[in-house]
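Colleague: So here's input_30.cif (mmCIF, C-alpha atoms).
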```cif
data_my_file
#
loop_
_atom_site.label_atom_id
_atom_site.label_comp_id
_atom_site.auth_asym_id
_atom_site.auth_seq_id
_atom_site.Cartn_x
_atom_site.Cartn_y
_atom_site.Cartn_z
CA ASP A 1 6.00 -24.10 -7.84
CA HIS A 2 9.15 -21.94 -7.92
CA PRO A 3 9.93 -20.60 -4.44
CA CYS A 4 10.25 -17.01 -5.75
CA TYR A 5 6.45 -16.83 -5.98
CA ARG A 6 5.88 -17.74 -2.34
CA ARG A 7 6.36 -14.41 -0.64
CA ALA A 8 4.60 -13.14 2.46
CA ALA A 9 4.31 -9.57 1.16
CA GLY A 10 2.19 -10.60 -1.83
CA LEU A 11 2.63 -11.03 -5.57
CA TYR A 12 4.51 -7.84 -6.40
CA GLY A 13 6.36 -6.83 -3.26
CA PRO A 14 6.03 -4.93 0.02
CA PRO A 15 3.80 -1.83 0.08
CA ASP A 16 6.73 0.57 -0.25
CA GLY A 17 8.59 -1.16 -3.09
CA GLU A 18 9.08 -4.34 -5.08
CA TYR A 19 11.06 -7.54 -4.76
CA GLU A 20 14.64 -7.25 -6.01
CA ASP A 21 14.17 -10.27 -8.27
CA ASN A 22 10.90 -9.14 -9.89
CA LEU A 23 12.40 -9.08 -13.38
CA PHE A 24 13.42 -12.71 -12.97
CA ARG A 25 10.05 -13.63 -11.45
CA PHE A 26 7.94 -12.15 -14.24
CA ALA A 27 10.28 -13.22 -17.05
CA LEU A 28 10.03 -16.78 -15.71
CA PHE A 29 6.27 -16.46 -15.42
CA SER A 30 6.02 -15.25 -19.03
CA LEU A 31 8.19 -18.11 -20.27
CA ALA A 32 6.04 -20.60 -18.35
CA ALA A 33 2.90 -19.12 -19.93
CA ALA A 34 4.51 -19.45 -23.38
CA GLU A 35 5.48 -23.08 -22.74
CA ALA A 36 2.16 -24.13 -21.23
CA PRO A 37 0.17 -24.66 -24.48
CA LEU A 38 3.03 -26.77 -25.82
CA VAL A 39 3.55 -29.10 -22.86
CA LEU A 40 0.51 -29.16 -20.54
CA GLU A 41 -1.93 -31.94 -21.28
CA ILE A 42 -5.58 -30.87 -21.02
CA ASP A 43 -8.22 -33.56 -21.60
CA GLY A 44 -5.54 -35.92 -22.86
CA SER A 45 -3.67 -33.65 -25.26
CA THR A 46 -1.67 -30.45 -25.41
CA TYR A 47 -3.39 -27.29 -26.61
CA GLY A 48 -0.98 -26.70 -29.47
CA GLN A 49 0.51 -23.68 -31.19
CA ASP A 50 -2.56 -21.87 -32.59
CA VAL A 51 -3.19 -19.68 -29.58
CA LEU A 52 -3.76 -16.06 -28.56
CA PHE A 53 -1.73 -14.78 -25.61
CA ILE A 54 -3.44 -11.99 -23.65
CA CYS A 55 -0.76 -10.15 -21.64
CA ASN A 56 -1.76 -7.84 -18.81
CA ASP A 57 0.48 -4.85 -18.08
CA TRP A 58 4.26 -4.73 -17.63
CA GLN A 59 4.45 -7.97 -15.66
CA THR A 60 3.83 -9.94 -18.87
CA GLY A 61 5.09 -7.30 -21.29
CA ILE A 62 8.08 -9.47 -22.15
CA LEU A 63 5.92 -12.38 -23.33
CA PRO A 64 5.33 -10.93 -26.86
CA VAL A 65 9.08 -10.29 -27.06
CA TYR A 66 9.82 -13.93 -26.21
CA LEU A 67 7.11 -15.01 -28.65
CA LEU A 68 8.81 -13.13 -31.47
CA TYR A 69 12.49 -13.83 -30.80
CA LYS A 70 12.53 -17.13 -28.90
CA TYR A 71 9.71 -18.98 -30.64
CA LYS A 72 8.68 -17.54 -34.01
CA MET A 73 12.28 -17.14 -35.16
CA HIS A 74 12.64 -20.89 -34.62
CA ARG A 75 9.39 -21.82 -36.42
CA THR A 76 7.30 -22.29 -33.30
CA TYR A 77 4.02 -20.44 -32.73
CA GLU A 78 4.12 -19.18 -36.31
CA ASN A 79 0.34 -18.65 -36.32
CA ALA A 80 0.06 -17.51 -32.70
CA ARG A 81 -0.86 -13.93 -31.85
CA SER A 82 -0.39 -11.75 -28.78
CA MET A 83 -2.30 -8.86 -27.27
CA ILE A 84 -1.13 -6.58 -24.46
CA VAL A 85 -3.68 -4.88 -22.21
CA ILE A 86 -2.70 -1.63 -20.47
CA HIS A 87 -4.57 -0.85 -17.27
CA ASN A 88 -2.24 1.85 -15.92
CA ILE A 89 0.48 3.32 -18.16
CA ASN A 90 2.29 4.72 -15.13
CA TYR A 91 3.61 1.26 -14.22
CA GLN A 92 6.04 0.11 -16.91
CA GLY A 93 8.56 -2.34 -15.43
CA LYS A 94 11.88 -0.50 -15.81
CA TYR A 95 15.21 -2.17 -15.03
CA SER A 96 18.89 -1.51 -15.65
CA LYS A 97 20.35 -3.17 -18.74
CA GLU A 98 23.76 -3.16 -17.10
CA HIS A 99 22.47 -5.21 -14.15
CA PHE A 100 20.12 -7.36 -16.23
CA PRO A 101 21.66 -7.88 -19.69
CA VAL A 102 19.20 -8.75 -22.42
CA ASP A 103 21.31 -11.65 -23.67
CA SER A 104 22.79 -13.30 -20.57
CA PHE A 105 19.92 -12.58 -18.14
CA LEU A 106 16.81 -12.64 -20.33
CA HIS A 107 18.31 -15.04 -22.91
CA LEU A 108 17.19 -12.95 -25.85
CA PRO A 109 19.28 -11.78 -28.85
CA ALA A 110 20.50 -8.37 -27.69
CA GLY A 111 20.98 -7.08 -31.21
CA LEU A 112 17.32 -7.66 -32.03
CA ALA A 113 15.26 -7.73 -28.84
CA GLY A 114 17.39 -5.04 -27.20
CA ALA A 115 15.88 -2.35 -29.42
CA ASP A 116 12.34 -3.48 -28.65
CA LEU A 117 13.00 -3.47 -24.89
CA GLN A 118 14.78 -0.12 -24.93
CA GLY A 119 13.42 2.51 -22.57
CA GLU A 120 14.37 5.74 -20.87
CA ASP A 121 14.17 6.74 -17.24
CA MET A 122 14.96 9.80 -15.16
CA HIS A 123 17.35 7.77 -13.00
CA LEU A 124 18.55 5.06 -15.40
CA GLY A 125 18.82 7.24 -18.51
CA PRO A 126 19.29 5.10 -21.63
CA ASP A 127 20.53 2.17 -19.51
CA CYS A 128 16.92 1.05 -19.27
CA ILE A 129 14.88 -2.02 -20.10
CA ASN A 130 11.18 -1.18 -20.34
CA LEU A 131 9.02 -4.31 -20.30
CA LEU A 132 5.78 -2.53 -21.13
CA ALA A 133 7.41 -0.76 -24.09
CA GLY A 134 8.69 -4.13 -25.31
CA GLY A 135 5.19 -5.56 -25.20
CA ILE A 136 3.70 -2.55 -26.99
CA ARG A 137 6.30 -2.76 -29.77
CA THR A 138 6.00 -6.50 -30.40
CA ALA A 139 2.38 -7.44 -29.60
CA ASP A 140 -0.07 -7.80 -32.47
CA ARG A 141 -2.64 -5.62 -30.69
CA VAL A 142 -2.57 -3.10 -27.83
CA LEU A 143 -5.73 -2.68 -25.74
CA THR A 144 -6.65 -0.34 -22.90
CA VAL A 145 -9.52 -0.20 -20.43
CA SER A 146 -11.59 2.36 -22.36
CA PRO A 147 -11.64 4.24 -25.68
CA ASN A 148 -10.92 7.47 -23.80
CA TYR A 149 -7.87 5.99 -22.11
CA ALA A 150 -6.60 4.80 -25.49
CA MET A 151 -6.67 8.44 -26.61
CA GLU A 152 -5.25 9.78 -23.34
CA ILE A 153 -2.11 7.63 -23.39
CA GLN A 154 -1.24 8.93 -26.86
CA SER A 155 -0.77 12.43 -25.41
CA PRO A 156 2.46 13.73 -23.81
CA GLU A 157 0.54 14.36 -20.58
CA GLY A 158 -1.01 10.90 -20.39
CA GLY A 159 1.53 8.63 -22.05
CA CYS A 160 4.20 8.68 -19.31
CA GLY A 161 6.98 8.80 -21.91
CA LEU A 162 5.44 6.20 -24.25
CA HIS A 163 3.08 8.50 -26.17
CA ASP A 164 5.16 8.53 -29.37
CA LEU A 165 5.27 4.74 -29.45
CA LEU A 166 1.54 4.50 -28.73
CA CYS A 167 0.77 7.08 -31.43
CA GLN A 168 2.74 4.90 -33.84
CA ARG A 169 0.73 1.78 -32.87
CA GLY A 170 -2.46 3.81 -33.13
CA GLY A 171 -1.48 4.95 -36.62
CA GLU A 172 -1.03 1.29 -37.55
CA LEU A 173 -4.60 0.65 -36.31
CA ARG A 174 -3.19 -1.64 -33.64
CA LEU A 175 -4.36 0.34 -30.57
CA ALA A 176 -7.91 0.36 -29.20
CA GLY A 177 -9.86 0.61 -25.96
CA ILE A 178 -12.63 -1.60 -24.57
CA LEU A 179 -14.69 -0.06 -21.78
CA ASN A 180 -14.46 -1.75 -18.39
CA GLY A 181 -17.69 -2.30 -16.51
CA ILE A 182 -19.95 -4.65 -14.59
CA SER A 183 -20.43 -7.97 -16.31
CA ASP A 184 -23.61 -8.01 -18.39
CA GLU A 185 -24.82 -11.19 -16.72
CA TRP A 186 -24.79 -9.73 -13.18
CA SER A 187 -28.26 -9.17 -11.79
CA PRO A 188 -29.49 -8.00 -8.35
CA ALA A 189 -32.40 -10.37 -8.85
CA THR A 190 -30.14 -13.41 -8.50
CA ASP A 191 -26.98 -12.21 -6.70
CA PRO A 192 -26.58 -14.42 -3.60
CA HIS A 193 -24.22 -11.96 -1.89
CA ILE A 194 -26.59 -9.02 -1.30
CA ALA A 195 -28.99 -8.62 1.63
CA ARG A 196 -32.10 -8.71 -0.54
CA ASN A 197 -32.70 -9.54 -4.16
CA PHE A 198 -34.78 -7.10 -6.15
CA ARG A 199 -36.07 -6.37 -9.63
CA LEU A 200 -37.33 -3.28 -11.42
CA SER A 201 -40.72 -3.66 -9.77
CA ASP A 202 -39.32 -3.37 -6.21
CA PHE A 203 -35.86 -1.85 -6.68
CA GLU A 204 -36.43 1.07 -4.28
CA ALA A 205 -37.28 -1.17 -1.33
CA GLY A 206 -34.56 -3.64 -2.30
CA LYS A 207 -31.82 -1.03 -2.57
CA ALA A 208 -32.90 0.55 0.72
CA GLU A 209 -32.61 -2.79 2.53
CA CYS A 210 -29.21 -3.48 0.98
CA LYS A 211 -28.03 -0.01 1.96
CA LEU A 212 -29.06 -0.51 5.61
CA ALA A 213 -27.34 -3.91 5.68
CA LEU A 214 -24.12 -2.34 4.34
CA GLN A 215 -24.26 0.48 6.89
CA LYS A 216 -24.72 -2.03 9.70
CA GLU A 217 -21.89 -4.29 8.51
CA LEU A 218 -19.43 -1.39 8.23
CA GLY A 219 -20.38 0.32 11.47
CA LEU A 220 -22.00 3.34 9.85
CA GLY A 221 -25.10 5.10 11.13
CA GLU A 222 -28.17 3.22 9.88
CA ASP A 223 -29.83 6.17 8.18
CA PRO A 224 -31.88 5.43 5.04
CA GLY A 225 -31.71 9.08 4.02
CA ALA A 226 -27.93 9.48 4.22
CA CYS A 227 -26.02 10.17 1.03
CA LEU A 228 -23.69 7.14 0.82
CA ILE A 229 -20.55 7.68 -1.29
CA GLY A 230 -18.18 4.84 -2.15
CA PHE A 231 -14.68 4.46 -3.61
CA CYS A 232 -12.98 1.17 -4.50
CA GLY A 233 -9.59 1.24 -6.19
CA ARG A 234 -5.85 1.44 -5.88
CA LEU A 235 -4.70 3.82 -3.15
CA CYS A 236 -2.41 6.15 -5.06
CA TYR A 237 -2.22 9.77 -6.19
CA GLN A 238 -3.12 8.88 -9.76
CA LYS A 239 -6.53 7.57 -8.68
CA GLY A 240 -7.48 10.94 -7.19
CA LEU A 241 -6.96 10.13 -3.51
CA SER A 242 -5.62 13.63 -2.87
CA LEU A 243 -8.91 15.06 -4.15
CA ILE A 244 -11.07 12.60 -2.25
CA MET A 245 -9.27 13.01 1.07
CA GLY A 246 -9.30 16.77 0.60
CA CYS A 247 -13.11 16.66 0.44
CA ILE A 248 -13.71 14.56 3.54
CA GLU A 249 -13.85 17.50 5.95
CA TRP A 250 -16.31 19.34 3.71
CA LEU A 251 -18.50 16.25 3.27
CA MET A 252 -18.69 15.73 7.01
CA GLN A 253 -20.07 19.22 7.65
CA GLY A 254 -23.77 19.58 8.42
CA GLN A 255 -26.20 17.22 10.09
CA PRO A 256 -24.79 13.97 11.53
CA ASN A 257 -24.89 10.98 9.19
CA ARG A 258 -26.40 12.92 6.30
CA CYS A 259 -23.30 12.06 4.27
CA GLN A 260 -21.33 8.84 4.68
CA VAL A 261 -18.18 7.72 2.89
CA ILE A 262 -16.83 4.21 2.24
CA LEU A 263 -13.23 3.98 0.99
CA MET A 264 -11.73 0.60 0.10
CA GLY A 265 -8.47 -0.34 -1.61
CA LYS A 266 -4.79 -1.25 -1.36
CA GLY A 267 -1.72 0.69 -2.40
CA GLU A 268 0.62 3.32 -1.00
CA PRO A 269 1.03 3.30 2.80
CA CYS A 270 0.47 7.06 3.12
CA TRP A 271 -3.05 6.78 1.68
CA ALA A 272 -3.81 3.68 3.74
CA SER A 273 -2.90 5.70 6.84
CA ALA A 274 -5.08 8.58 5.63
CA LEU A 275 -8.06 6.21 5.32
CA SER A 276 -7.57 4.93 8.86
CA ALA A 277 -7.20 8.46 10.20
CA ALA A 278 -10.40 9.63 8.49
CA GLU A 279 -12.33 6.68 9.91
CA GLY A 280 -10.96 7.44 13.38
CA ARG A 281 -12.03 11.11 13.18
CA TYR A 282 -15.50 10.37 11.88
CA ARG A 283 -16.43 7.06 13.44
CA GLY A 284 -19.83 5.99 12.18
CA ARG A 285 -19.68 8.24 9.14
CA VAL A 286 -16.49 7.12 7.37
CA CYS A 287 -15.31 3.57 6.76
CA GLY A 288 -11.73 3.21 5.56
CA TYR A 289 -10.94 -0.41 4.64
CA VAL A 290 -7.42 -1.29 3.47
CA GLY A 291 -7.78 -4.35 1.25
CA PHE A 292 -10.26 -5.87 -1.17
CA ASP A 293 -13.07 -8.05 0.17
#
```
Any chance you could put this one into structure tokens?

Modeller:
Amino acid sequence: DHPCYRRAAGLYGPPDGEYEDNLFRFALFSLAAAEAPLVLEIDGSTYGQDVLFICNDWQTGILPVYLLYKYKMHRTYENARSMIVIHNINYQGKYSKEHFPVDSFLHLPAGLAGADLQGEDMHLGPDCINLLAGGIRTADRVLTVSPNYAMEIQSPEGGCGLHDLLCQRGGELRLAGILNGISDEWSPATDPHIARNFRLSDFEAGKAECKLALQKELGLGEDPGACLIGFCGRLCYQKGLSLIMGCIEWLMQGQPNRCQVILMGKGEPCWASALSAAEGRYRGRVCGYVGFD
């Protein structure tokens, strides 16, 4: 209910930056998550101390640090464990120690937690708090979105400055990857959100009908023979938008509607503008949707 979470620009900040009080917002959120099992009554009782905290990315990277220095040092959550999940190593939550002291701002023992939160940055230099690094150092397990990504982030090219730390956690057998994917229980035979349900026995007719319905909904040419290419993800350079947008002109060559492209996501304003521009140039062949629906 804190007013800092009620912001018109979304959870993290405006498209071209972040809220100035994000460190406060996510530190408070992490503390609330740590307190919840102790104080919230569910079905007539609190959950208790024997819990596993699953922390996603830098926004909750400080939770394992709080768990270690605020709780376990004072004989609370002694049997609790924490796990941090890295979806994108490029986003680490870096802030100035001078502006946000570990002791007076985060209320952690600077002599102990300061070393775990220590980071480096091209602009901040050593005057840097790194929330993701703190989570990696203090969590009981570190997970990523695939086994390949777990290997990639241990390299200098893929670790974004944290590869040595991640190699150390990997050497301790505390780093692993679990492959993302469609939930095993999803089935086109029962999905209520598609135009026609289908099974193995009629999948060709079912997919064709769903394809035509999608083309109609998005204003694309209703051509059953068109090659329909889709992208859904964060609009940023790291996700390959420069490669995708560079191919649009080539994909649009040839017979009308024989290749169609659907691009959907949120992220950097420059790529959102590029999506809109591509849709405007190739109306009926390209759909550029900024958002997730």

Colleague: I'd like the residues picked by the PyMOL selection byres ((chain A and resi 7-21) around 10) written out as a list in words, using the chain letters and numbers from the file.

Modeller: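 So the PyMOL selection byres ((chain A and resi 7-21) around 10) ends up selecting Pro3, Cys4, Tyr5, Arg6, Asn22, Leu23, Phe24, Arg25, Phe26, Gln59, Lys266, Gly267, Glu268, Pro269 and Cys270 of chain A.
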
Colleague: Which residue, A:Trp186, A:Tyr95, A:Phe105, A:Phe29, has the smallest gap to Glu120 of chain A when you use all atoms listed in the file?

Modeller: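 Going through A:Trp186, A:Tyr95, A:Phe105, A:Phe29 one by one, the smallest distance to Glu120 of chain A is for A:Tyr95.
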
Colleague: With all atoms listed in the file as the atoms that count, which of A:Gln168, A:Gln260, A:Asn180, A:Ser45 lies nearest to Leu220 of chain A?

Modeller: A:Gln260

Colleague: By how many Å are atom CA of Arg137 of chain A and atom CA of Ala36 of chain A apart?

Modeller: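 Separation of atom CA of Arg137 of chain A and atom CA of Ala36 of chain A: 23.4 Å.
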
Colleague: Could you tell me, as an mmCIF file with C-alpha atoms, in the frame of the given file, which residues have any atom at most 12 Å from (16.2, -8.3, -33.0), counting only C-alpha atoms?

Modeller:
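Saved the output as part21.cif:
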```
data_model
loop_
_atom_site.group_PDB
_atom_site.id
_atom_site.type_symbol
_atom_site.label_atom_id
_atom_site.label_comp_id
_atom_site.auth_asym_id
_atom_site.auth_seq_id
_atom_site.Cartn_x
_atom_site.Cartn_y
_atom_site.Cartn_z
ATOM 1 C CA VAL A 65 9.080 -10.290 -27.060
ATOM 2 C CA TYR A 66 9.820 -13.930 -26.210
ATOM 3 C CA LEU A 68 8.810 -13.130 -31.470
ATOM 4 C CA TYR A 69 12.490 -13.830 -30.800
ATOM 5 C CA LYS A 70 12.530 -17.130 -28.900
ATOM 6 C CA LYS A 72 8.680 -17.540 -34.010
ATOM 7 C CA MET A 73 12.280 -17.140 -35.160
ATOM 8 C CA VAL A 102 19.200 -8.750 -22.420
ATOM 9 C CA ASP A 103 21.310 -11.650 -23.670
ATOM 10 C CA LEU A 108 17.190 -12.950 -25.850
ATOM 11 C CA PRO A 109 19.280 -11.780 -28.850
ATOM 12 C CA ALA A 110 20.500 -8.370 -27.690
ATOM 13 C CA GLY A 111 20.980 -7.080 -31.210
ATOM 14 C CA LEU A 112 17.320 -7.660 -32.030
ATOM 15 C CA ALA A 113 15.260 -7.730 -28.840
ATOM 16 C CA GLY A 114 17.390 -5.040 -27.200
ATOM 17 C CA ALA A 115 15.880 -2.350 -29.420
ATOM 18 C CA ASP A 116 12.340 -3.480 -28.650
ATOM 19 C CA LEU A 117 13.000 -3.470 -24.890
ATOM 20 C CA GLN A 118 14.780 -0.120 -24.930
ATOM 21 C CA GLY A 134 8.690 -4.130 -25.310
ATOM 22 C CA ARG A 137 6.300 -2.760 -29.770
ATOM 23 C CA THR A 138 6.000 -6.500 -30.400
#
```

Colleague: Quote the spacing between atom CA of Thr76 of chain A and atom CA of Cys128 of chain A in Å to one decimal place.

Modeller: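 Between atom CA of Thr76 of chain A and atom CA of Cys128 of chain A the gap works out to 28.9 Å.
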
Colleague: Fewer than 3 positions away in the same chain doesn't count, so skip those; otherwise give me all residues within 8 Å of Gly119 of chain A, counting only C-alpha atoms, as a VMD selection string.

Modeller: chain A and resid 94 126 to 130 133

Colleague: Pick from A:Ile194, A:Ala27, A:Leu162, A:Leu243: nearest to Glu217 of chain A, with only C-alpha atoms counted?

Modeller: A:Ile194

Colleague: Excluding Lys211 of chain A and residues on its chain fewer than 6 positions from it, collect all residues at most 9 Å away from it, counting all atoms listed in the file, and give them as an NGL selection string.

Modeller: :A and (195 or 222-224 or 228)

Colleague: Figure out the distance between atom CA of Ser30 of chain A and atom CA of Glu98 of chain A, please, to one decimal in Å.

Modeller: 21.6 Å

Colleague: Counting all atoms listed in the file, which residue out of A:Pro101, A:Gly181, A:Gly170, A:Gly219 sits closest to Val261 of chain A?

Modeller: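 Using all atoms listed in the file, Val261 of chain A sits closest to A:Gly219.
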
Colleague: Could you tell me which of A:Cys160, A:Leu106, A:Ile42, A:Leu124 comes closest to Tyr91 of chain A if we count all atoms listed in the file?

Modeller: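 Using all atoms listed in the file, Tyr91 of chain A sits closest to A:Cys160.
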
Colleague: So what does the PyMOL selection byres ((chain A and resi 58) around 8) actually pick up in this one, as a short mmCIF file (atom, residue, chain, number, x, y, z; two decimals) with C-alpha atoms, in the coordinates of the input?

Modeller:
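The resulting result_9.cif:
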```
data_model
loop_
_atom_site.label_atom_id
_atom_site.label_comp_id
_atom_site.auth_asym_id
_atom_site.auth_seq_id
_atom_site.Cartn_x
_atom_site.Cartn_y
_atom_site.Cartn_z
CA ASN A 56 -1.76 -7.84 -18.81
CA ASP A 57 0.48 -4.85 -18.08
CA GLN A 59 4.45 -7.97 -15.66
CA THR A 60 3.83 -9.94 -18.87
CA GLY A 61 5.09 -7.30 -21.29
CA ILE A 62 8.08 -9.47 -22.15
CA TYR A 91 3.61 1.26 -14.22
CA GLN A 92 6.04 0.11 -16.91
CA GLY A 93 8.56 -2.34 -15.43
CA LEU A 131 9.02 -4.31 -20.30
CA LEU A 132 5.78 -2.53 -21.13
CA GLY A 135 5.19 -5.56 -25.20
#
```

Colleague: Run the PyMOL selection byres ((chain A and resi 279) around 12) against the file shown and list the residues it catches, as a PyMOL selection string.

Modeller: chain A and resi 218-220+245+248-249+252+260-264+272-278+280-290

Colleague: Env of Leu179 of chain A: 12 Å cut, atoms = all atoms listed in the file, seq-sep filter 5 positions within chain, self excluded. Answer as a list in words.

Modeller: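 The neighbour list is His87, Leu143, Thr144, Val145, Ser146, Pro147, Asn148, Tyr149 and Ala150 of chain A.
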
Colleague: With distances taken over only C-alpha atoms, which of A:Phe100, A:Phe53, A:Phe292, A:Phe231 is nearest to Met83 of chain A?

Modeller: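 Once distances to Met83 of chain A are computed over only C-alpha atoms, the minimum belongs to A:Phe53.
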
Colleague: Taking 2 positions as the minimum chain separation for residues in the same chain, which residues sit within 10 Å of Gly206 of chain A when counting only C-alpha atoms? Answer as an NGL selection string.

Modeller: :A and (188-189 or 194-204 or 208-211)

Colleague: Quick one: residues within 9 Å of Glu152 of chain A, all atoms listed in the file counted, chain neighbours fewer than 6 positions away excluded, as a compact mmCIF listing (two decimals) with C-alpha atoms, in the frame of the given file?

Modeller:
```txt
# COMPACT_ATOMS: atom_id res chain seq x y z
CA GLY A 158 -1.01 10.90 -20.39
CA GLY A 159 1.53 8.63 -22.05
CA HIS A 163 3.08 8.50 -26.17
```

Colleague: Starting from the incomplete input, reconstruct N, CA and C atoms of segment 163-178 of chain A and write that as an mmCIF file, keeping the file's coordinate frame.

Modeller:
```cif
data_model
loop_
_atom_site.group_PDB
_atom_site.id
_atom_site.type_symbol
_atom_site.label_atom_id
_atom_site.label_comp_id
_atom_site.auth_asym_id
_atom_site.auth_seq_id
_atom_site.Cartn_x
_atom_site.Cartn_y
_atom_site.Cartn_z
ATOM 1 N N HIS A 163 4.128 7.998 -25.277
ATOM 2 C CA HIS A 163 3.080 8.500 -26.170
ATOM 3 C C HIS A 163 3.475 8.401 -27.642
ATOM 4 N N ASP A 164 4.744 8.639 -27.968
ATOM 5 C CA ASP A 164 5.160 8.530 -29.370
ATOM 6 C C ASP A 164 4.999 7.095 -29.879
ATOM 7 N N LEU A 165 5.411 6.144 -29.080
ATOM 8 C CA LEU A 165 5.270 4.740 -29.450
ATOM 9 C C LEU A 165 3.799 4.358 -29.602
ATOM 10 N N LEU A 166 2.967 4.829 -28.678
ATOM 11 C CA LEU A 166 1.540 4.500 -28.730
ATOM 12 C C LEU A 166 0.855 5.192 -29.905
ATOM 13 N N CYS A 167 1.294 6.406 -30.228
ATOM 14 C CA CYS A 167 0.770 7.080 -31.430
ATOM 15 C C CYS A 167 1.115 6.267 -32.679
ATOM 16 N N GLN A 168 2.325 5.725 -32.706
ATOM 17 C CA GLN A 168 2.740 4.900 -33.840
ATOM 18 C C GLN A 168 1.844 3.657 -33.957
ATOM 19 N N ARG A 169 1.597 2.968 -32.833
ATOM 20 C CA ARG A 169 0.730 1.780 -32.870
ATOM 21 C C ARG A 169 -0.704 2.161 -33.230
ATOM 22 N N GLY A 170 -1.132 3.340 -32.750
ATOM 23 C CA GLY A 170 -2.460 3.810 -33.130
ATOM 24 C C GLY A 170 -2.562 4.093 -34.611
ATOM 25 N N GLY A 171 -1.505 4.678 -35.185
ATOM 26 C CA GLY A 171 -1.480 4.950 -36.620
ATOM 27 C C GLY A 171 -1.493 3.686 -37.446
ATOM 28 N N GLU A 172 -0.995 2.595 -36.873
ATOM 29 C CA GLU A 172 -1.030 1.290 -37.550
ATOM 30 C C GLU A 172 -2.352 0.561 -37.333
ATOM 31 N N LEU A 173 -3.302 1.225 -36.651
ATOM 32 C CA LEU A 173 -4.600 0.650 -36.310
ATOM 33 C C LEU A 173 -4.442 -0.590 -35.429
ATOM 34 N N ARG A 174 -3.456 -0.521 -34.540
ATOM 35 C CA ARG A 174 -3.190 -1.640 -33.640
ATOM 36 C C ARG A 174 -3.454 -1.276 -32.181
ATOM 37 N N LEU A 175 -4.074 -0.115 -31.927
ATOM 38 C CA LEU A 175 -4.360 0.340 -30.570
ATOM 39 C C LEU A 175 -5.846 0.649 -30.457
ATOM 40 N N ALA A 176 -6.484 0.118 -29.405
ATOM 41 C CA ALA A 176 -7.910 0.360 -29.200
ATOM 42 C C ALA A 176 -8.218 0.276 -27.714
ATOM 43 N N GLY A 177 -9.415 0.689 -27.342
ATOM 44 C CA GLY A 177 -9.860 0.610 -25.960
ATOM 45 C C GLY A 177 -11.210 -0.069 -25.853
ATOM 46 N N ILE A 178 -11.363 -0.932 -24.857
ATOM 47 C CA ILE A 178 -12.630 -1.600 -24.570
ATOM 48 C C ILE A 178 -13.049 -1.185 -23.173
#
```
